[in-house]
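With mmCIF, C-alpha atoms inside, this is protein30.cif:
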```cif
data_upload
#
loop_
_atom_site.label_atom_id
_atom_site.label_comp_id
_atom_site.auth_asym_id
_atom_site.auth_seq_id
_atom_site.Cartn_x
_atom_site.Cartn_y
_atom_site.Cartn_z
CA LEU A 1402 -55.88 -172.36 17.24
CA GLU A 1403 -53.46 -169.76 15.87
CA ASP A 1404 -53.18 -170.00 12.06
CA ASP A 1405 -55.51 -173.00 11.94
CA SER A 1406 -55.88 -173.96 8.27
CA GLU A 1407 -59.69 -173.92 8.33
CA LEU A 1408 -59.82 -170.52 10.02
CA LEU A 1409 -57.31 -169.12 7.52
CA ALA A 1410 -59.49 -170.41 4.69
CA CYS A 1411 -62.48 -168.63 6.26
CA VAL A 1412 -60.77 -165.23 6.56
CA ARG A 1413 -59.39 -165.43 3.02
CA PHE A 1414 -62.84 -166.29 1.69
CA ALA A 1415 -64.38 -163.42 3.69
CA ALA A 1416 -61.79 -160.97 2.36
CA ARG A 1417 -62.48 -162.01 -1.24
CA MET A 1418 -66.25 -162.02 -0.81
CA CYS A 1419 -66.36 -158.57 0.79
CA GLU A 1420 -63.52 -157.18 -1.36
CA ALA A 1421 -61.84 -156.11 1.87
CA PRO A 1422 -58.06 -155.64 2.36
CA ILE A 1423 -58.21 -157.13 5.86
CA ALA A 1424 -60.20 -159.97 7.43
CA VAL A 1425 -59.56 -161.56 10.81
CA VAL A 1426 -60.87 -164.04 13.33
CA SER A 1427 -60.15 -162.61 16.77
CA ILE A 1428 -60.58 -163.60 20.39
CA VAL A 1429 -61.23 -160.71 22.78
CA GLU A 1430 -59.70 -161.44 26.18
CA GLY A 1431 -59.48 -159.45 29.38
CA ASP A 1432 -56.86 -156.99 28.19
CA ARG A 1433 -56.08 -157.90 24.58
CA GLN A 1434 -57.54 -158.79 21.20
CA TRP A 1435 -55.78 -161.84 19.74
CA PHE A 1436 -55.89 -162.43 15.98
CA ILE A 1437 -55.88 -166.21 15.68
CA ALA A 1438 -56.28 -166.03 11.88
CA ALA A 1439 -55.80 -163.03 9.61
CA SER A 1440 -55.62 -161.99 5.98
CA GLY A 1441 -53.89 -158.71 5.13
CA LEU A 1442 -52.73 -157.98 8.68
CA ALA A 1443 -49.28 -158.72 10.12
CA GLU A 1444 -50.03 -157.89 13.78
CA ARG A 1445 -51.06 -160.80 16.02
CA GLU A 1446 -52.67 -158.84 18.85
CA THR A 1447 -53.71 -155.39 20.04
CA PRO A 1448 -54.80 -154.05 23.44
CA ARG A 1449 -58.51 -154.62 24.05
CA ALA A 1450 -58.93 -150.84 24.22
CA HIS A 1451 -58.04 -150.75 20.49
CA SER A 1452 -60.45 -153.52 19.51
CA PHE A 1453 -63.32 -152.91 17.11
CA CYS A 1454 -64.69 -156.28 18.20
CA ALA A 1455 -64.99 -155.11 21.81
CA HIS A 1456 -67.64 -152.68 20.53
CA THR A 1457 -69.31 -155.33 18.39
CA MET A 1458 -69.75 -157.58 21.43
CA LEU A 1459 -71.89 -154.89 23.08
CA GLU A 1460 -74.25 -154.58 20.11
CA ASP A 1461 -77.34 -156.71 19.48
CA GLN A 1462 -76.89 -156.43 15.71
CA PRO A 1463 -73.97 -156.40 13.23
CA MET A 1464 -71.62 -153.45 13.67
CA VAL A 1465 -71.04 -151.59 10.40
CA VAL A 1466 -68.37 -148.88 10.18
CA THR A 1467 -68.41 -147.10 6.83
CA ASP A 1468 -65.76 -144.49 7.76
CA ALA A 1469 -63.69 -145.26 10.86
CA SER A 1470 -62.33 -141.71 11.01
CA GLU A 1471 -65.86 -140.32 11.49
CA ASP A 1472 -67.34 -143.04 13.72
CA ALA A 1473 -67.34 -141.85 17.35
CA ARG A 1474 -66.82 -145.39 18.63
CA VAL A 1475 -63.45 -145.85 16.95
CA SER A 1476 -62.31 -142.49 15.54
CA ALA A 1477 -59.71 -142.04 18.30
CA ASN A 1478 -58.42 -145.61 17.94
CA PRO A 1479 -54.65 -145.67 17.17
CA LEU A 1480 -55.37 -148.17 14.38
CA VAL A 1481 -57.47 -145.42 12.78
CA THR A 1482 -55.41 -142.34 13.62
CA GLY A 1483 -52.17 -143.99 12.57
CA ALA A 1484 -50.44 -143.72 15.95
CA PRO A 1485 -47.32 -145.91 16.27
CA GLN A 1486 -47.67 -149.33 17.95
CA VAL A 1487 -45.08 -151.04 20.14
CA SER A 1488 -44.87 -154.81 20.50
CA ASN A 1489 -44.54 -156.75 23.72
CA LEU A 1490 -41.12 -158.12 24.66
CA HIS A 1491 -39.97 -160.90 22.33
CA GLN A 1492 -36.83 -163.01 21.91
CA ASN A 1493 -34.54 -162.24 18.99
CA PRO A 1494 -34.42 -165.52 16.99
CA LEU A 1495 -30.81 -164.84 15.95
CA ASN A 1496 -29.08 -164.21 19.27
CA LYS A 1497 -31.87 -165.08 21.79
CA GLU A 1498 -31.65 -161.58 23.29
CA PRO A 1499 -34.77 -159.58 24.32
CA LEU A 1500 -36.22 -157.51 21.49
CA LEU A 1501 -38.97 -154.92 20.94
CA VAL A 1502 -40.52 -153.75 17.68
CA MET A 1503 -42.25 -150.45 16.89
CA PHE A 1504 -44.61 -150.13 13.91
CA ALA A 1505 -45.59 -146.80 12.39
CA PRO A 1506 -48.26 -146.63 9.63
CA VAL A 1507 -47.19 -144.79 6.46
CA PRO A 1508 -48.98 -142.76 5.28
CA GLU A 1509 -51.32 -141.97 8.16
CA VAL A 1510 -54.54 -143.12 6.53
CA TYR A 1511 -56.83 -146.06 7.29
CA PRO A 1512 -56.11 -148.70 6.33
CA PRO A 1513 -52.41 -147.78 6.09
CA ASP A 1514 -50.60 -148.52 2.84
CA PHE A 1515 -47.75 -150.14 4.78
CA ASN A 1516 -45.97 -150.09 8.15
CA VAL A 1517 -42.42 -149.10 8.94
CA GLY A 1518 -41.00 -151.40 11.61
CA VAL A 1519 -38.03 -150.62 13.84
CA ALA A 1520 -36.52 -153.23 16.18
CA PHE A 1521 -34.66 -152.21 19.32
CA THR A 1522 -33.43 -153.79 22.56
CA PRO A 1523 -34.51 -152.99 26.13
CA ALA A 1524 -31.22 -151.14 26.57
CA ALA A 1525 -32.90 -148.14 24.95
CA LEU A 1526 -35.38 -148.07 27.85
CA GLN A 1527 -32.77 -148.81 30.52
CA SER A 1528 -31.21 -145.41 29.87
CA ILE A 1529 -34.56 -143.76 30.64
CA LEU A 1530 -34.70 -145.51 34.01
CA ARG A 1531 -31.13 -144.53 34.84
CA GLN A 1532 -31.96 -140.88 34.19
CA GLN A 1533 -34.59 -140.89 36.96
CA ALA A 1534 -31.90 -140.76 39.70
CA LEU A 1535 -34.00 -142.75 42.17
CA PRO A 1536 -32.81 -143.51 45.73
CA PRO A 1537 -30.61 -146.66 45.75
CA SER A 1538 -33.18 -148.73 47.66
CA TRP A 1539 -35.99 -147.95 45.21
CA LYS A 1540 -36.66 -150.20 42.21
CA ALA A 1541 -38.23 -149.10 38.92
CA GLY A 1542 -39.36 -150.93 35.82
CA ILE A 1543 -41.30 -150.77 32.58
CA VAL A 1544 -43.88 -153.52 31.99
CA ASP A 1545 -45.49 -154.53 28.69
CA ARG A 1546 -49.12 -155.52 28.01
CA ASP A 1547 -48.42 -159.14 29.02
CA HIS A 1548 -47.03 -157.88 32.35
CA VAL A 1549 -43.51 -158.89 31.37
CA VAL A 1550 -40.68 -156.65 32.61
CA VAL A 1551 -39.16 -154.90 29.59
CA ALA A 1552 -36.64 -152.76 31.47
CA HIS A 1553 -35.63 -152.55 35.12
CA THR A 1554 -33.10 -150.89 37.39
CA GLN A 1555 -31.87 -154.45 38.02
CA PRO A 1556 -32.05 -155.71 34.41
CA GLU A 1557 -30.09 -158.95 34.89
CA GLN A 1558 -32.53 -160.10 37.57
CA TRP A 1559 -35.86 -158.92 36.15
CA THR A 1560 -35.87 -158.26 32.39
CA GLY A 1561 -38.00 -160.87 30.65
CA ARG A 1562 -39.77 -162.02 33.82
CA ARG A 1563 -43.45 -161.53 34.65
CA VAL A 1564 -44.36 -159.26 37.53
CA PRO A 1565 -45.91 -160.84 40.67
CA PRO A 1566 -49.56 -161.90 40.13
CA GLU A 1567 -51.00 -159.36 42.57
CA LEU A 1568 -49.24 -156.53 40.75
CA ALA A 1569 -50.41 -157.84 37.36
CA ARG A 1570 -54.02 -157.90 38.62
CA ALA A 1571 -53.76 -154.34 39.91
CA ILE A 1572 -52.29 -153.05 36.63
CA ARG A 1573 -55.02 -154.83 34.67
CA ARG A 1574 -57.74 -153.39 36.89
CA ASP A 1575 -56.59 -149.78 37.36
CA VAL A 1576 -54.83 -147.16 35.27
CA GLU A 1577 -52.80 -146.08 38.27
CA GLY A 1578 -52.47 -147.04 41.91
CA SER A 1579 -50.33 -149.03 44.31
CA VAL A 1580 -50.10 -152.54 45.76
CA ASP A 1581 -48.22 -153.90 48.76
CA LEU A 1582 -46.00 -156.89 47.97
CA PRO A 1583 -44.64 -159.28 50.62
CA ALA A 1584 -40.96 -160.14 50.77
CA ARG A 1585 -39.93 -162.76 48.20
CA GLU A 1586 -36.95 -163.93 46.18
CA GLN A 1587 -34.40 -161.85 48.08
CA LEU A 1588 -36.62 -158.77 47.79
CA GLU A 1589 -37.79 -157.00 50.90
CA GLU A 1590 -41.41 -156.08 51.53
CA GLN A 1591 -42.33 -153.12 49.36
CA ARG A 1592 -45.09 -150.91 48.10
CA VAL A 1593 -45.23 -150.72 44.31
CA TYR A 1594 -46.73 -147.68 42.61
CA PHE A 1595 -47.76 -147.98 38.97
CA ALA A 1596 -49.20 -145.99 36.09
CA ARG A 1597 -50.51 -147.72 32.96
CA SER A 1598 -50.94 -146.09 29.56
CA PRO A 1599 -54.62 -146.43 28.55
CA GLN A 1600 -53.55 -146.23 24.90
CA TYR A 1601 -50.66 -148.71 24.78
CA GLY A 1602 -51.24 -150.84 27.87
CA TRP A 1603 -47.65 -150.55 29.11
CA ALA A 1604 -46.99 -149.54 32.71
CA PHE A 1605 -44.27 -147.74 34.65
CA VAL A 1606 -43.71 -149.13 38.16
CA ILE A 1607 -41.68 -147.98 41.16
CA GLY A 1608 -41.07 -150.14 44.22
CA VAL A 1609 -40.39 -148.47 47.56
CA PRO A 1610 -39.24 -150.47 50.62
CA ALA A 1611 -42.14 -150.75 53.09
CA GLU A 1612 -39.99 -149.55 55.98
CA GLY A 1613 -39.36 -146.32 54.11
CA ILE A 1614 -43.05 -145.33 54.02
CA ARG A 1615 -44.17 -146.32 57.51
#
```
Whole structure, structure tokens version:
Amino acid sequence: LEDDSELLACVRFAARMCEAPIAVVSIVEGDRQWFIAASGLAERETPRAHSFCAHTMLEDQPMVVTDASEDARVSANPLVTGAPQVSNLHQNPLNKEPLLVMFAPVPEVYPPDFNVGVAFTPAALQSILRQQALPPSWKAGIVDRDHVVVAHTQPEQWTGRRVPPELARAIRRDVEGSVDLPAREQLEEQRVYFARSPQYGWAFVIGVPAEGIR
């Protein structure tokens, strides 16, 4: 459905008719809002927590926001306040290496006049993990909104891979907590602790061998 010609025609018509700078058709999923057609907006998805449409779905009448900065439902939304946004992990089309992109609205008004985008590799996050000085048997990682490992203390083995399903479900369900994972793929049984950012949807995880906490 993404960029379907008929849907694109609809959003362009809506933007012209309403004299609006942005018009989108979005699908609100469990943890994200996916823009399947858009006019005036470069982003393809946002966390569900940042979705205007998630509020609209709870209303029994059209949702009208005349000033987003003064509407209690969305005034703290990063899309309104102008807080920077970080993409999920992508593949660089030039060298096929993992890549992340950060967007910062300039100036900080809604809607922003334009975004400044900065691309960087997971190596920038690897240094953060190395600075934690964890015990050798512990494993740590940073996970994006799609539950893909962005950085890890064993980057060659894990960067770019999805976390185990039971860990993904726990991260989706809770802001912080732990889950016990059985031994798999040359990894011993472990307990994984996690903390997810409510604003950005990313999570920091630490795996501790089960025998070390019994």
Practice item. State, in Å with one decimal place, the distance from atom CA of Arg1573 of chain A to atom CA of Phe1436 of chain A. Key: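 Pair atom CA of Arg1573 of chain A / atom CA of Phe1436 of chain A returns 20.2 Å.
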Review point. Which residue, A:Ala1541, A:Pro1448, A:Phe1595, A:Thr1522, has the smallest gap to Asp1581 of chain A when you use all atoms listed in the file?
Key: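 Of A:Ala1541, A:Pro1448, A:Phe1595, A:Thr1522, the one nearest Asp1581 of chain A is A:Phe1595, counting all atoms listed in the file.
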Review point. At what distance in Å, to one decimal, does atom CA of Ala1438 of chain A lie from atom CA of Val1412 of chain A?
Key: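 Spanning atom CA of Val1412 of chain A to atom CA of Ala1438 of chain A is a straight-line distance of 7.0 Å.
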**Study point:** Residues within 7 Å of Ala1604 of chain A, all atoms listed in the file, excluding chain neighbours under 5 positions, as an NGL selection string
**Key:** :A and (1543-1545 or 1595-1598)
Exercise for review: Enumerate, as number ranges by chain, the residues matched when the PyMOL selection byres ((chain A and resi 1542) around 7) is run on the file above.
Suggested key: A: 1540-1541, 1543-1544, 1550, 1552-1554, 1605-1607
Review point. If you measure from atom CA of Ser1476 of chain A to atom CA of Phe1453 of chain A, what distance in Å do you get, rounded to one decimal?
Key: 10.6 Å
**Study point:** Which residue of A:Val1549, A:Gln1600, A:Gln1555, A:Ile1428 approaches Leu1530 of chain A most closely, using only C-alpha atoms
**Key:**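 Among the listed residues, A:Gln1555 lies closest to Leu1530 of chain A.
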